[in-house]
Structures are given as structure tokens and as C-alpha cells.
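See below for work.pdb, which holds PDB, C-alpha atoms.
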ATOM      1  CA  MET R   1    -115.344   6.185  71.784
ATOM      2  CA  LYS R   2    -116.634   9.724  72.339
ATOM      3  CA  LYS R   3    -115.943   9.409  76.067
ATOM      4  CA  LEU R   4    -112.389   8.246  75.345
ATOM      5  CA  ILE R   5    -111.722  11.200  73.021
ATOM      6  CA  LEU R   6    -113.222  13.607  75.564
ATOM      7  CA  LEU R   7    -111.053  12.134  78.316
ATOM      8  CA  LEU R   8    -107.964  12.437  76.104
ATOM      9  CA  LEU R   9    -108.713  16.109  75.391
ATOM     10  CA  ILE R  10    -109.143  16.815  79.103
ATOM     11  CA  VAL R  11    -105.792  15.168  79.893
ATOM     12  CA  ILE R  12    -104.013  17.186  77.159
ATOM     13  CA  ALA R  13    -105.599  20.449  78.309
ATOM     14  CA  ALA R  14    -104.672  19.779  81.926
ATOM     15  CA  SER R  15    -101.070  18.973  81.030
ATOM     16  CA  LEU R  16    -100.390  22.166  79.056
ATOM     17  CA  PRO R  17     -99.532  24.372  82.077
ATOM     18  CA  LEU R  18     -97.260  21.604  83.394
ATOM     19  CA  ARG R  19     -94.753  21.711  80.550
ATOM     20  CA  ALA R  20     -91.225  22.086  81.952
ATOM     21  CA  SER R  21     -87.902  23.039  80.462
ATOM     22  CA  ILE R  22     -84.688  21.139  81.156
ATOM     23  CA  ASP R  23     -83.391  24.447  82.603
ATOM     24  CA  ASP R  24     -85.824  24.046  85.501
ATOM     25  CA  TYR R  25     -83.836  21.057  86.762
ATOM     26  CA  TYR R  26     -80.489  22.855  86.946
ATOM     27  CA  PRO R  27     -79.488  24.075  90.435
ATOM     28  CA  TYR R  28     -78.904  27.754  89.524
ATOM     29  CA  LYS R  29     -79.809  30.000  86.649
ATOM     30  CA  VAL R  30     -76.611  31.015  84.863
ATOM     31  CA  LEU R  31     -76.612  34.614  83.632
ATOM     32  CA  PRO R  32     -74.014  36.894  82.001
ATOM     33  CA  SER R  33     -71.476  37.880  84.639
ATOM     34  CA  SER R  34     -69.304  40.875  85.423
ATOM     35  CA  SER R  35     -65.967  41.681  83.854
ATOM     36  CA  ASN R  36     -62.891  42.593  85.890
ATOM     37  CA  TYR R  37     -64.115  46.194  85.929
ATOM     38  CA  GLY R  38     -67.571  45.390  87.289
ATOM     39  CA  ASN R  39     -69.677  46.015  84.199
ATOM     40  CA  THR R  40     -71.113  43.012  82.379
ATOM     41  CA  GLY R  41     -68.467  41.470  80.169
ATOM     42  CA  ILE R  42     -65.988  38.683  79.662
ATOM     43  CA  LEU R  43     -62.774  39.474  81.586
ATOM     44  CA  GLU R  44     -60.892  42.571  80.453
ATOM     45  CA  VAL R  45     -63.234  43.298  77.548
ATOM     46  CA  PRO R  46     -66.988  44.049  77.675
ATOM     47  CA  ASN R  47     -69.746  42.311  75.760
ATOM     48  CA  ALA R  48     -73.219  43.493  74.752
ATOM     49  CA  ARG R  49     -75.036  41.691  77.568
ATOM     50  CA  MET R  50     -76.842  43.544  80.359
ATOM     51  CA  MET R  51     -78.031  42.735  83.851
ATOM     52  CA  PRO R  52     -81.789  42.201  84.252
ATOM     53  CA  GLU R  53     -83.814  45.343  84.837
ATOM     54  CA  ALA R  54     -83.864  46.612  88.451
ATOM     55  CA  SER R  55     -80.712  44.660  89.391
ATOM     56  CA  LEU R  56     -77.829  45.714  91.611
ATOM     57  CA  ARG R  57     -74.413  44.009  91.741
ATOM     58  CA  PHE R  58     -71.356  44.436  93.952
ATOM     59  CA  ASN R  59     -68.136  43.112  92.410
ATOM     60  CA  PHE R  60     -64.607  42.600  93.734
ATOM     61  CA  SER R  61     -61.763  41.547  91.425
ATOM     62  CA  SER R  62     -58.138  41.224  92.530
ATOM     63  CA  SER R  63     -54.882  40.496  90.750
ATOM     64  CA  PHE R  64     -51.515  42.163  90.497
ATOM     65  CA  PRO R  65     -51.378  45.064  89.989
ATOM     66  CA  ASN R  66     -55.042  46.165  89.743
ATOM     67  CA  GLU R  67     -57.682  45.518  92.403
ATOM     68  CA  PHE R  68     -61.188  46.620  91.372
ATOM     69  CA  THR R  69     -64.185  47.238  93.634
ATOM     70  CA  SER R  70     -67.371  48.284  91.858
ATOM     71  CA  LEU R  71     -71.111  48.747  92.194
ATOM     72  CA  THR R  72     -73.256  48.243  89.085
ATOM     73  CA  ALA R  73     -76.940  49.069  88.645
ATOM     74  CA  SER R  74     -79.410  48.535  85.802
ATOM     75  CA  PRO R  75     -82.431  50.830  86.337
ATOM     76  CA  PHE R  76     -83.742  49.883  82.889
ATOM     77  CA  ASN R  77     -83.248  46.863  80.645
ATOM     78  CA  TRP R  78     -81.313  49.045  78.203
ATOM     79  CA  LEU R  79     -79.002  50.860  80.649
ATOM     80  CA  GLU R  80     -76.213  49.688  82.936
ATOM     81  CA  ALA R  81     -74.106  52.033  85.082
ATOM     82  CA  SER R  82     -71.052  51.253  87.248
ATOM     83  CA  TYR R  83     -69.078  53.144  89.872
ATOM     84  CA  ARG R  84     -65.569  51.710  90.215
ATOM     85  CA  TYR R  85     -62.703  52.145  92.679
ATOM     86  CA  VAL R  86     -59.239  50.844  91.767
ATOM     87  CA  GLU R  87     -56.073  50.212  93.741
ATOM     88  CA  ILE R  88     -52.979  50.133  91.501
ATOM     89  CA  LYS R  89     -50.443  48.230  93.570
ATOM     90  CA  ASN R  90     -47.328  48.817  91.468
ATOM     91  CA  GLN R  91     -47.560  52.616  91.614
ATOM     92  CA  LEU R  92     -47.256  54.948  94.593
ATOM     93  CA  TYR R  93     -49.916  57.518  95.437
ATOM     94  CA  GLY R  94     -47.323  60.301  95.220
ATOM     95  CA  PRO R  95     -43.828  61.252  96.371
ATOM     96  CA  ALA R  96     -42.715  59.032  99.233
ATOM     97  CA  ALA R  97     -42.075  62.145 101.350
ATOM     98  CA  TYR R  98     -45.808  62.499 102.086
ATOM     99  CA  SER R  99     -47.459  59.293 100.820
ATOM    100  CA  GLY R 100     -44.975  56.742 102.133
ATOM    101  CA  ASN R 101     -45.686  53.321 100.608
ATOM    102  CA  GLN R 102     -49.371  54.105  99.940
ATOM    103  CA  SER R 103     -50.432  52.628  96.597
ATOM    104  CA  PHE R 104     -52.135  54.674  93.896
ATOM    105  CA  LYS R 105     -55.947  54.916  93.985
ATOM    106  CA  ASP R 106     -58.273  55.735  91.102
ATOM    107  CA  LYS R 107     -62.042  55.928  90.586
ATOM    108  CA  GLY R 108     -64.258  55.991  87.556
ATOM    109  CA  PHE R 109     -67.811  55.825  86.235
ATOM    110  CA  ASP R 110     -68.943  53.557  83.372
ATOM    111  CA  ILE R 111     -72.167  53.299  81.401
ATOM    112  CA  LYS R 112     -73.450  50.846  78.792
ATOM    113  CA  ILE R 113     -76.505  51.383  76.578
ATOM    114  CA  LYS R 114     -78.229  48.639  74.626
ATOM    115  CA  LEU R 115     -78.911  49.638  71.025
ATOM    116  CA  LEU R 116     -80.439  46.464  69.604
ATOM    117  CA  ASN R 117     -82.065  43.375  71.103
ATOM    118  CA  GLU R 118     -80.845  39.995  69.953
ATOM    119  CA  SER R 119     -83.026  38.211  67.400
ATOM    120  CA  TYR R 120     -82.796  34.927  65.534
ATOM    121  CA  TYR R 121     -80.446  36.391  62.927
ATOM    122  CA  LEU R 122     -79.065  39.559  64.546
ATOM    123  CA  PRO R 123     -76.825  39.928  67.615
ATOM    124  CA  GLN R 124     -77.448  42.115  70.630
ATOM    125  CA  ILE R 125     -75.576  45.402  70.198
ATOM    126  CA  ALA R 126     -74.474  47.843  72.886
ATOM    127  CA  ILE R 127     -72.361  50.974  73.126
ATOM    128  CA  GLY R 128     -70.377  51.885  76.211
ATOM    129  CA  TRP R 129     -68.051  54.350  77.906
ATOM    130  CA  ASN R 130     -65.506  53.377  80.570
ATOM    131  CA  ASP R 131     -64.087  55.940  83.013
ATOM    132  CA  LEU R 132     -66.613  58.435  81.700
ATOM    133  CA  ALA R 133     -66.027  61.055  84.398
ATOM    134  CA  GLY R 134     -62.879  59.740  86.040
ATOM    135  CA  THR R 135     -59.230  60.568  85.656
ATOM    136  CA  GLY R 136     -59.091  59.061  82.178
ATOM    137  CA  ARG R 137     -56.592  56.383  83.200
ATOM    138  CA  PHE R 138     -58.988  53.617  82.088
ATOM    139  CA  ALA R 139     -60.961  55.755  79.618
ATOM    140  CA  ALA R 140     -62.353  53.722  76.737
ATOM    141  CA  GLU R 141     -65.293  53.582  74.379
ATOM    142  CA  TYR R 142     -66.610  50.500  72.637
ATOM    143  CA  ILE R 143     -69.318  49.090  70.409
ATOM    144  CA  ALA R 144     -69.998  45.408  71.088
ATOM    145  CA  ALA R 145     -72.108  42.761  69.354
ATOM    146  CA  THR R 146     -72.939  39.477  71.124
ATOM    147  CA  LYS R 147     -74.760  36.482  69.628
ATOM    148  CA  GLN R 148     -75.697  33.210  71.274
ATOM    149  CA  ILE R 149     -75.364  30.050  69.193
ATOM    150  CA  LEU R 150     -76.371  26.931  71.130
ATOM    151  CA  ASP R 151     -74.311  27.009  74.364
ATOM    152  CA  LEU R 152     -71.784  29.546  73.052
ATOM    153  CA  ASP R 153     -72.009  33.324  73.417
ATOM    154  CA  PHE R 154     -69.805  35.052  70.816
ATOM    155  CA  THR R 155     -68.691  38.679  71.165
ATOM    156  CA  LEU R 156     -67.082  40.937  68.581
ATOM    157  CA  GLY R 157     -66.312  44.547  69.412
ATOM    158  CA  LEU R 158     -64.602  47.739  68.341
ATOM    159  CA  ALA R 159     -62.668  49.594  71.055
ATOM    160  CA  TRP R 160     -61.078  52.995  71.528
ATOM    161  CA  GLY R 161     -58.853  54.347  74.304
ATOM    162  CA  SER R 162     -57.474  51.973  76.935
ATOM    163  CA  LEU R 163     -59.258  48.981  75.377
ATOM    164  CA  GLY R 164     -58.045  49.881  71.883
ATOM    165  CA  GLN R 165     -54.284  49.708  72.372
ATOM    166  CA  ASP R 166     -53.827  46.775  69.972
ATOM    167  CA  LYS R 167     -54.479  49.286  67.160
ATOM    168  CA  ASN R 168     -55.178  46.679  64.520
ATOM    169  CA  ILE R 169     -57.389  48.833  62.239
ATOM    170  CA  SER R 170     -57.812  52.488  61.330
ATOM    171  CA  ASN R 171     -60.522  54.444  63.115
ATOM    172  CA  PRO R 172     -63.592  54.248  60.822
ATOM    173  CA  PHE R 173     -65.002  57.505  62.243
ATOM    174  CA  ILE R 174     -62.181  59.501  60.625
ATOM    175  CA  ASP R 175     -64.021  59.076  57.310
ATOM    176  CA  PHE R 176     -66.858  61.158  58.774
ATOM    177  CA  ASP R 177     -64.824  63.844  60.531
ATOM    178  CA  GLU R 178     -61.085  64.543  60.777
ATOM    179  CA  ASP R 179     -61.539  65.615  64.396
ATOM    180  CA  PHE R 180     -61.698  61.896  65.292
ATOM    181  CA  ARG R 181     -58.052  61.491  64.229
ATOM    182  CA  ARG R 182     -56.515  62.963  67.403
ATOM    183  CA  ARG R 183     -57.165  61.645  70.888
ATOM    184  CA  ASP R 184     -56.253  63.623  73.981
ATOM    185  CA  SER R 185     -54.662  61.038  76.289
ATOM    186  CA  ASP R 186     -53.818  63.387  79.156
ATOM    187  CA  THR R 187     -55.146  62.244  82.526
ATOM    188  CA  GLY R 188     -56.460  64.610  85.142
ATOM    189  CA  GLU R 189     -58.006  64.551  88.582
ATOM    190  CA  GLY R 190     -61.386  63.383  87.327
ATOM    191  CA  GLY R 191     -64.903  64.720  87.487
ATOM    192  CA  SER R 192     -65.092  66.115  83.943
ATOM    193  CA  PHE R 193     -66.498  64.723  80.684
ATOM    194  CA  ASN R 194     -63.735  64.765  78.102
ATOM    195  CA  TYR R 195     -66.240  64.255  75.284
ATOM    196  CA  LYS R 196     -63.893  65.622  72.624
ATOM    197  CA  SER R 197     -61.798  62.448  72.941
ATOM    198  CA  TRP R 198     -64.694  60.008  72.646
ATOM    199  CA  PHE R 199     -64.243  57.492  69.790
ATOM    200  CA  SER R 200     -61.082  59.329  68.723
ATOM    201  CA  GLY R 201     -57.640  58.082  67.766
ATOM    202  CA  GLU R 202     -55.697  57.301  64.619
ATOM    203  CA  GLU R 203     -56.127  53.563  65.098
ATOM    204  CA  VAL R 204     -58.502  51.400  67.135
ATOM    205  CA  SER R 205     -58.862  47.715  67.967
ATOM    206  CA  ILE R 206     -61.147  44.858  67.068
ATOM    207  CA  TYR R 207     -61.544  42.561  70.062
ATOM    208  CA  SER R 208     -63.305  39.238  70.410
ATOM    209  CA  GLY R 209     -64.291  36.651  72.983
ATOM    210  CA  VAL R 210     -66.487  33.662  73.609
ATOM    211  CA  GLU R 211     -68.311  32.272  76.661
ATOM    212  CA  TYR R 212     -69.338  28.635  76.962
ATOM    213  CA  TYR R 213     -72.338  27.991  79.221
ATOM    214  CA  LEU R 214     -72.242  24.673  81.039
ATOM    215  CA  TRP R 215     -75.837  24.879  82.231
ATOM    216  CA  ARG R 216     -75.859  21.542  84.044
ATOM    217  CA  TYR R 217     -72.912  22.494  86.259
ATOM    218  CA  GLY R 218     -73.704  26.207  86.560
ATOM    219  CA  VAL R 219     -70.329  27.203  85.091
ATOM    220  CA  VAL R 220     -69.389  29.743  82.417
ATOM    221  CA  LEU R 221     -66.024  29.278  80.695
ATOM    222  CA  LYS R 222     -64.504  32.436  79.204
ATOM    223  CA  LEU R 223     -61.902  33.084  76.509
ATOM    224  CA  GLU R 224     -60.988  36.494  75.099
ATOM    225  CA  TYR R 225     -58.401  38.297  73.024
ATOM    226  CA  ASP R 226     -57.294  41.251  75.163
ATOM    227  CA  THR R 227     -56.621  44.460  73.237
ATOM    228  CA  SER R 228     -55.760  46.643  76.264
ATOM    229  CA  ASN R 229     -52.061  45.713  75.836
ATOM    230  CA  PRO R 230     -50.834  46.480  79.386
ATOM    231  CA  ASP R 231     -47.227  46.091  78.194
ATOM    232  CA  ILE R 232     -47.637  49.494  76.508
ATOM    233  CA  GLY R 233     -48.486  51.206  79.784
ATOM    234  CA  PHE R 234     -51.557  53.276  78.816
ATOM    235  CA  SER R 235     -53.374  52.751  82.150
ATOM    236  CA  GLY R 236     -50.330  52.552  84.416
ATOM    237  CA  PRO R 237     -46.797  51.159  84.625
ATOM    238  CA  LYS R 238     -45.921  48.640  81.924
ATOM    239  CA  LEU R 239     -46.649  44.993  82.688
ATOM    240  CA  GLU R 240     -45.105  41.820  81.346
ATOM    241  CA  VAL R 241     -47.396  40.103  78.855
ATOM    242  CA  ASP R 242     -46.774  36.513  77.765
ATOM    243  CA  SER R 243     -50.119  36.036  76.020
ATOM    244  CA  ARG R 244     -52.877  38.252  74.614
ATOM    245  CA  PHE R 245     -55.443  35.561  75.442
ATOM    246  CA  ASN R 246     -57.151  35.487  78.836
ATOM    247  CA  ILE R 247     -59.099  32.484  80.117
ATOM    248  CA  GLY R 248     -61.385  32.137  83.112
ATOM    249  CA  LEU R 249     -64.571  30.764  84.595
ATOM    250  CA  THR R 250     -67.402  31.891  86.851
ATOM    251  CA  LYS R 251     -69.676  29.737  88.984
ATOM    252  CA  PRO R 252     -72.697  30.728  91.074
ATOM    253  CA  VAL R 253     -72.636  29.552  94.690
ATOM    254  CA  ASN R 254     -76.306  30.500  95.029
ATOM    255  CA  GLU R 255     -78.692  32.884  93.268
ATOM    256  CA  ASN R 256     -76.944  35.920  94.773
ATOM    257  CA  LEU R 257     -73.239  34.998  94.999
ATOM    258  CA  SER R 258     -70.855  34.044  92.178
ATOM    259  CA  LEU R 259     -67.134  33.240  92.227
ATOM    260  CA  GLY R 260     -64.633  33.729  89.438
ATOM    261  CA  LEU R 261     -61.068  32.653  88.630
ATOM    262  CA  SER R 262     -59.020  33.603  85.583
ATOM    263  CA  PHE R 263     -55.499  33.383  84.169
ATOM    264  CA  GLU R 264     -54.500  36.594  82.403
ATOM    265  CA  ARG R 265     -51.537  37.916  80.409
ATOM    266  CA  GLY R 266     -50.128  34.380  80.429
ATOM    267  CA  ASN R 267     -48.574  34.907  83.864
ATOM    268  CA  GLU R 268     -51.118  36.130  86.454
ATOM    269  CA  PHE R 269     -54.147  34.654  88.231
ATOM    270  CA  ARG R 270     -57.161  36.775  89.181
ATOM    271  CA  PHE R 271     -59.837  36.029  91.775
ATOM    272  CA  SER R 272     -63.240  37.718  91.797
ATOM    273  CA  PHE R 273     -66.673  37.487  93.334
ATOM    274  CA  ASP R 274     -69.934  39.360  92.941
ATOM    275  CA  ILE R 275     -73.044  39.718  95.072
ATOM    276  CA  LYS R 276     -76.194  40.628  93.180
ATOM    277  CA  GLY R 277     -79.885  41.029  93.702
ATOM    278  CA  ASP R 278     -82.910  41.373  91.431
ATOM    279  CA  TYR R 279     -85.037  44.014  93.124
ATOM    280  CA  GLY R 280     -87.702  43.996  90.454
ATOM    281  CA  ARG R 281     -89.123  40.583  91.353
ATOM    282  CA  ARG R 282     -90.529  41.330  94.802
ATOM    283  CA  PRO R 283     -90.932  44.343  97.094
ATOM    284  CA  LEU R 284     -87.963  45.147  99.339
ATOM    285  CA  VAL R 285     -90.199  45.946 102.315
ATOM    286  CA  LYS R 286     -93.265  43.890 103.185
ATOM    287  CA  LYS R 287     -96.292  46.042 103.894
ATOM    288  CA  ASN R 288     -98.324  44.939 106.895
ATOM    289  CA  ASP R 289    -100.658  47.904 107.194
ATOM    290  CA  PRO R 290    -104.156  47.461 105.742
ATOM    291  CA  PRO R 291    -104.915  49.154 102.400
ATOM    292  CA  LYS R 292    -106.879  52.401 102.403
TER
END

Could I get this structure in the form of C-alpha cells?
Amino acid sequence: MKKLILLLLIVIAASLPLRASIDDYYPYKVLPSSSNYGNTGILEVPNARMMPEASLRFNFSSSFPNEFTSLTASPFNWLEASYRYVEIKNQLYGPAAYSGNQSFKDKGFDIKIKLLNESYYLPQIAIGWNDLAGTGRFAAEYIAATKQILDLDFTLGLAWGSLGQDKNISNPFIDFDEDFRRRDSDTGEGGSFNYKSWFSGEEVSIYSGVEYYLWRYGVVLKLEYDTSNPDIGFSGPKLEVDSRFNIGLTKPVNENLSLGLSFERGNEFRFSFDIKGDYGRRPLVKKNDPPK
């Protein structure tokens, strides 16, 4: 009997390191993906998720009229920064006398900072700035909270600027300082921090979205309520909007490449892809020389 108990204990001890999760049997690990702008988000609106530390991602997203090309880096697990280049196809670069039919080009710089890690009861919270040092055409600030419940990732956010054009609530910061009441919406040539306009405006927007993770198939389904309201024309010429809800999906082809397809504004399809790498897992260059 003692030998049987001893044998049973040995078998249990040996099996402990062999415990596996069902996630280990799925073909690819599904992670939060990029928004249309390149930073981590849903489609038009950002969430509170971040790329893993020491990651780099190239993103391309194309639809009429905006075509985004961006490079996003996460040097720390609490910071994400993006450089973005935009072609606006329904606007000319300047007078036809010298620009011909050349479309308008714009660039911008975005950052997102994680304020709170997700816990059992609390969501992950992040604060972000879009077009931080650009022309201001896509300038926006936001505070986002994201919480995972089973296979669903829920996001609720508060947005100013280009993302806050739905204007469904009053700006809560006005209660602290009247200077937050007025927002300077003038656009320039870029390269300056218009910090006086941050989180300013008479009214702002509450936005929301949800992502459904189909782990077995490596697919993320996305649904959001878009508060950028392109029919107002804040970030460019006015666009026809048949629906405020955008839907889409992303699917990894392998651990580095993901494809995306979405239907936005109720009348336009968007295609996207991103190429990413986690440079914190292994050294970029193999060292062959002997150690000192």
C-alpha cells in the first residue's frame, strides 16, 4: 500500500509541469489589434489595450477617402507611440495650378499611456493623444476603459476633438476650470504641441465598442459606435454617413501578419493589414563570438 501511494505521488509530481491550457492547441495567439489609425484599438475608436512590451508594428489601412500608413512602438508595457501618414483622397494638396490632381497628405504622432492594469473587478484604463504634434486635423484626446468578460472585450471611453464630434455630454473638466470650455480648432502645418486645447471643448462624446474573440478560429469580431461623425467635416471634407456603427474583423495569417476587413459608415469597406514583431523575446542578432 505504501509503495502504491508513493508511486501515485511520483506520478502527480511528474505531471504538474505538463499541465496545458486549451489555448495551447489554437493555431495562433490572438492579441488586441490596431485601429484604422495604427494605434491599438477597435476601428475608428481606441481602446485601453496595449501592445506587448518591446513590440513594433507596421499598419496599413485603406478606404475612401482616408488611407493610413503607420508605425507603432511600445518601448514599455505602459506606453505606446505611433507615427502616422495619411492620404486624404477627396481633397487636393493645394491649388490645381501647382499641385495638379495630387491628393492631400497629412502626418501625425500619437501616444497612449496605461494608467491602470486590469484586475478581476476593475477595467484597464488608458489615456491618449492623437495627432499630438501634427497639423491638428485628426487631433483628439481620450480616456478609455476596457474590461474582458469571458470572450468579450468591452470598451467605454470619453473623447475630445476629432473623436468627440458626437457631443453627447458636457465636458466634465469645465467644472474644474473654465479654460476647458473653449477649444482652438484651427489647423496648422504641424510640429507644435497645442496643449492649451487638450481635453477642451463645450461638449464631448462617450463612445463604446466590443470585441468578440473567437480563439479557436483566430478571429476577432469588432463592433463600435463611432463618435468622429465624418458627416460634420472636422477632419476633412464632409462624408455621407448611413450608420454610426462600424463592424469588422481581424485574423492572423501567422504570428507576425494579420489581415482586417471592416464595413464603416454604413456604406464603405476598409481593408487593412499589420506586420508586427515582439523584439523582447529573443535577441535580434545572434552572437557567435566567445564571451570575455

Q.
Could you check the closest approach to Ile113 (chain R) for each of R:Leu43, R:Leu150, R:Leu92, R:Ile143 and tell me which residue wins, using all atoms listed in the file?
A. R:Ile143

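Here, the PyMOL selection byres ((chain R and resi 195-199) around 7) matches Glu141, Trp160, Phe180, Arg183, Asp184, Phe193, Asn194, Ser200 and Gly201 of chain R.
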
Residues of region 146-221 of chain R at most 10 Å from region 44-54 of chain R: nearest atom pair and distance in Å, only C-alpha atoms, as a Markdown table:
| residue | atom | partner | partner_atom | distance |
| --- | --- | --- | --- | --- |
| R:Thr146 | CA | R:Ala48 | CA | 5.4 |
| R:Lys147 | CA | R:Ala48 | CA | 8.8 |
| R:Asp153 | CA | R:Asn47 | CA | 9.6 |
| R:Phe154 | CA | R:Asn47 | CA | 8.8 |
| R:Thr155 | CA | R:Asn47 | CA | 6.0 |
| R:Leu156 | CA | R:Asn47 | CA | 7.8 |
| R:Gly157 | CA | R:Asn47 | CA | 7.6 |
| R:Ala159 | CA | R:Val45 | CA | 9.1 |
| R:Leu163 | CA | R:Val45 | CA | 7.3 |
| R:Tyr207 | CA | R:Val45 | CA | 7.7 |
| R:Ser208 | CA | R:Val45 | CA | 8.2 |
| R:Gly209 | CA | R:Val45 | CA | 8.1 |
| R:Val210 | CA | R:Asn47 | CA | 9.5 |

**Q.** For CA of Asn66 (chain R) and CA of Ser82 (chain R), the interatomic separation in Å (one decimal)
**A.**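 Going from CA of Asn66 (chain R) over to CA of Ser82 (chain R), I get 17.0 Å.
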
Q: Find the residues near region 121-133 of chain R: any atom within 7 Å, counting all atoms listed in the file, skip ones fewer than 3 places away on the same chain, and give them as a list in words.
A: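 Non-adjacent residues within range: Ala48, Gly108, Phe109, Asp110, Ile111, Lys112, Ile113, Lys114, Leu115, Leu116, Asn117, Glu118, Gly136, Phe138, Ala139, Ala140, Glu141, Tyr142, Ile143, Ala144, Ala145, Thr146, Lys147, Gly190, Gly191, Ser192 and Phe193 of chain R.
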
Please produce a file of those selected residues containing C-alpha atoms, as a compact mmCIF listing (two decimals), in the coordinates of the input.
# COMPACT_ATOMS: atom_id res chain seq x y z
CA ALA R 48 -73.22 43.49 74.75
CA GLY R 108 -64.26 55.99 87.56
CA PHE R 109 -67.81 55.82 86.24
CA ASP R 110 -68.94 53.56 83.37
CA ILE R 111 -72.17 53.30 81.40
CA LYS R 112 -73.45 50.85 78.79
CA ILE R 113 -76.50 51.38 76.58
CA LYS R 114 -78.23 48.64 74.63
CA LEU R 115 -78.91 49.64 71.03
CA LEU R 116 -80.44 46.46 69.60
CA ASN R 117 -82.06 43.38 71.10
CA GLU R 118 -80.84 39.99 69.95
CA GLY R 136 -59.09 59.06 82.18
CA PHE R 138 -58.99 53.62 82.09
CA ALA R 139 -60.96 55.76 79.62
CA ALA R 140 -62.35 53.72 76.74
CA GLU R 141 -65.29 53.58 74.38
CA TYR R 142 -66.61 50.50 72.64
CA ILE R 143 -69.32 49.09 70.41
CA ALA R 144 -70.00 45.41 71.09
CA ALA R 145 -72.11 42.76 69.35
CA THR R 146 -72.94 39.48 71.12
CA LYS R 147 -74.76 36.48 69.63
CA GLY R 190 -61.39 63.38 87.33
CA GLY R 191 -64.90 64.72 87.49
CA SER R 192 -65.09 66.11 83.94
CA PHE R 193 -66.50 64.72 80.68

Q: Report the residues retrieved by the PyMOL selection byres ((chain R and resi 257-269) around 9) from the displayed file, expressed as number ranges by chain.
A: R: 33, 43-44, 61-64, 222, 226, 230, 239-256, 270-276

Go ahead and write the residues just picked, C-alpha atoms, as a CSV table (one decimal), in the coordinates of the input.
chain,number,residue,atom,x,y,z
R,33,SER,CA,-71.5,37.9,84.6
R,43,LEU,CA,-62.8,39.5,81.6
R,44,GLU,CA,-60.9,42.6,80.5
R,61,SER,CA,-61.8,41.5,91.4
R,62,SER,CA,-58.1,41.2,92.5
R,63,SER,CA,-54.9,40.5,90.8
R,64,PHE,CA,-51.5,42.2,90.5
R,222,LYS,CA,-64.5,32.4,79.2
R,226,ASP,CA,-57.3,41.3,75.2
R,230,PRO,CA,-50.8,46.5,79.4
R,239,LEU,CA,-46.6,45.0,82.7
R,240,GLU,CA,-45.1,41.8,81.3
R,241,VAL,CA,-47.4,40.1,78.9
R,242,ASP,CA,-46.8,36.5,77.8
R,243,SER,CA,-50.1,36.0,76.0
R,244,ARG,CA,-52.9,38.3,74.6
R,245,PHE,CA,-55.4,35.6,75.4
R,246,ASN,CA,-57.2,35.5,78.8
R,247,ILE,CA,-59.1,32.5,80.1
R,248,GLY,CA,-61.4,32.1,83.1
R,249,LEU,CA,-64.6,30.8,84.6
R,250,THR,CA,-67.4,31.9,86.9
R,251,LYS,CA,-69.7,29.7,89.0
R,252,PRO,CA,-72.7,30.7,91.1
R,253,VAL,CA,-72.6,29.6,94.7
R,254,ASN,CA,-76.3,30.5,95.0
R,255,GLU,CA,-78.7,32.9,93.3
R,256,ASN,CA,-76.9,35.9,94.8
R,270,ARG,CA,-57.2,36.8,89.2
R,271,PHE,CA,-59.8,36.0,91.8
R,272,SER,CA,-63.2,37.7,91.8
R,273,PHE,CA,-66.7,37.5,93.3
R,274,ASP,CA,-69.9,39.4,92.9
R,275,ILE,CA,-73.0,39.7,95.1
R,276,LYS,CA,-76.2,40.6,93.2

Under the PyMOL selection byres ((chain R and resi 76) around 9), which residues of this model are included? Write them out as a PDB file with C-alpha atoms, in the coordinates of the input.
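Output saved as selection38.pdb:
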ATOM      1  CA  PRO R  52     -81.789  42.201  84.252  1.00  0.00           C
ATOM      2  CA  GLU R  53     -83.814  45.343  84.837  1.00  0.00           C
ATOM      3  CA  ALA R  54     -83.864  46.612  88.451  1.00  0.00           C
ATOM      4  CA  SER R  55     -80.712  44.660  89.391  1.00  0.00           C
ATOM      5  CA  ALA R  73     -76.940  49.069  88.645  1.00  0.00           C
ATOM      6  CA  SER R  74     -79.410  48.535  85.802  1.00  0.00           C
ATOM      7  CA  PRO R  75     -82.431  50.830  86.337  1.00  0.00           C
ATOM      8  CA  ASN R  77     -83.248  46.863  80.645  1.00  0.00           C
ATOM      9  CA  TRP R  78     -81.313  49.045  78.203  1.00  0.00           C
ATOM     10  CA  LEU R  79     -79.002  50.860  80.649  1.00  0.00           C
ATOM     11  CA  GLU R  80     -76.213  49.688  82.936  1.00  0.00           C
TER      12      GLU R  80
END

Q: Please identify all polymer residues within 7 Å of region 169-178 of chain R, counting only C-alpha atoms, omitting same-chain residues fewer than 3 positions from it, and present them as a ChimeraX atom specification.
A: /R:181,201-205

Q. Separation of CA of Asn229 (chain R) and CA of Gly164 (chain R), in Å?
A.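 Between CA of Asn229 (chain R) and CA of Gly164 (chain R) the gap is 8.3 Å.
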
Q: Enter the distance from CA of Gly41 (chain R) to CA of Tyr279 (chain R), in Å, rounded to one decimal.
A: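 Between CA of Gly41 (chain R) and CA of Tyr279 (chain R) the gap works out to 21.2 Å.
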
Q: Determine the nearest neighbour of Tyr212 (chain R) from the options R:Glu67, R:Asp278, R:Glu87, R:Glu224, counting only C-alpha atoms.
A: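 Counting only C-alpha atoms, the residue closest to Tyr212 (chain R) is R:Glu224.
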
Centre and edge lengths of an axis-aligned box around all listed atoms of region 64-67 of chain R, with 8 Å added on each side, are to be given in Å to one decimal, as JSON.
{"center_x": -54.5, "center_y": 44.2, "center_z": 91.1, "size_x": 22.3, "size_y": 20.0, "size_z": 18.7}

(Q) Measuring between only C-alpha atoms, which one of R:Arg57, R:Lys89, R:Thr135, R:Ala81 shows the shortest distance to Asp106 (chain R)? (A) R:Thr135

Q.
Let me make sure I understand: among R:Tyr225, R:Leu56, R:Lys238, R:Tyr85, which one has the smallest atom-to-atom distance to Tyr37 (chain R) if we use all atoms listed in the file?
A.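 The closest residue to Tyr37 (chain R) is R:Tyr85.
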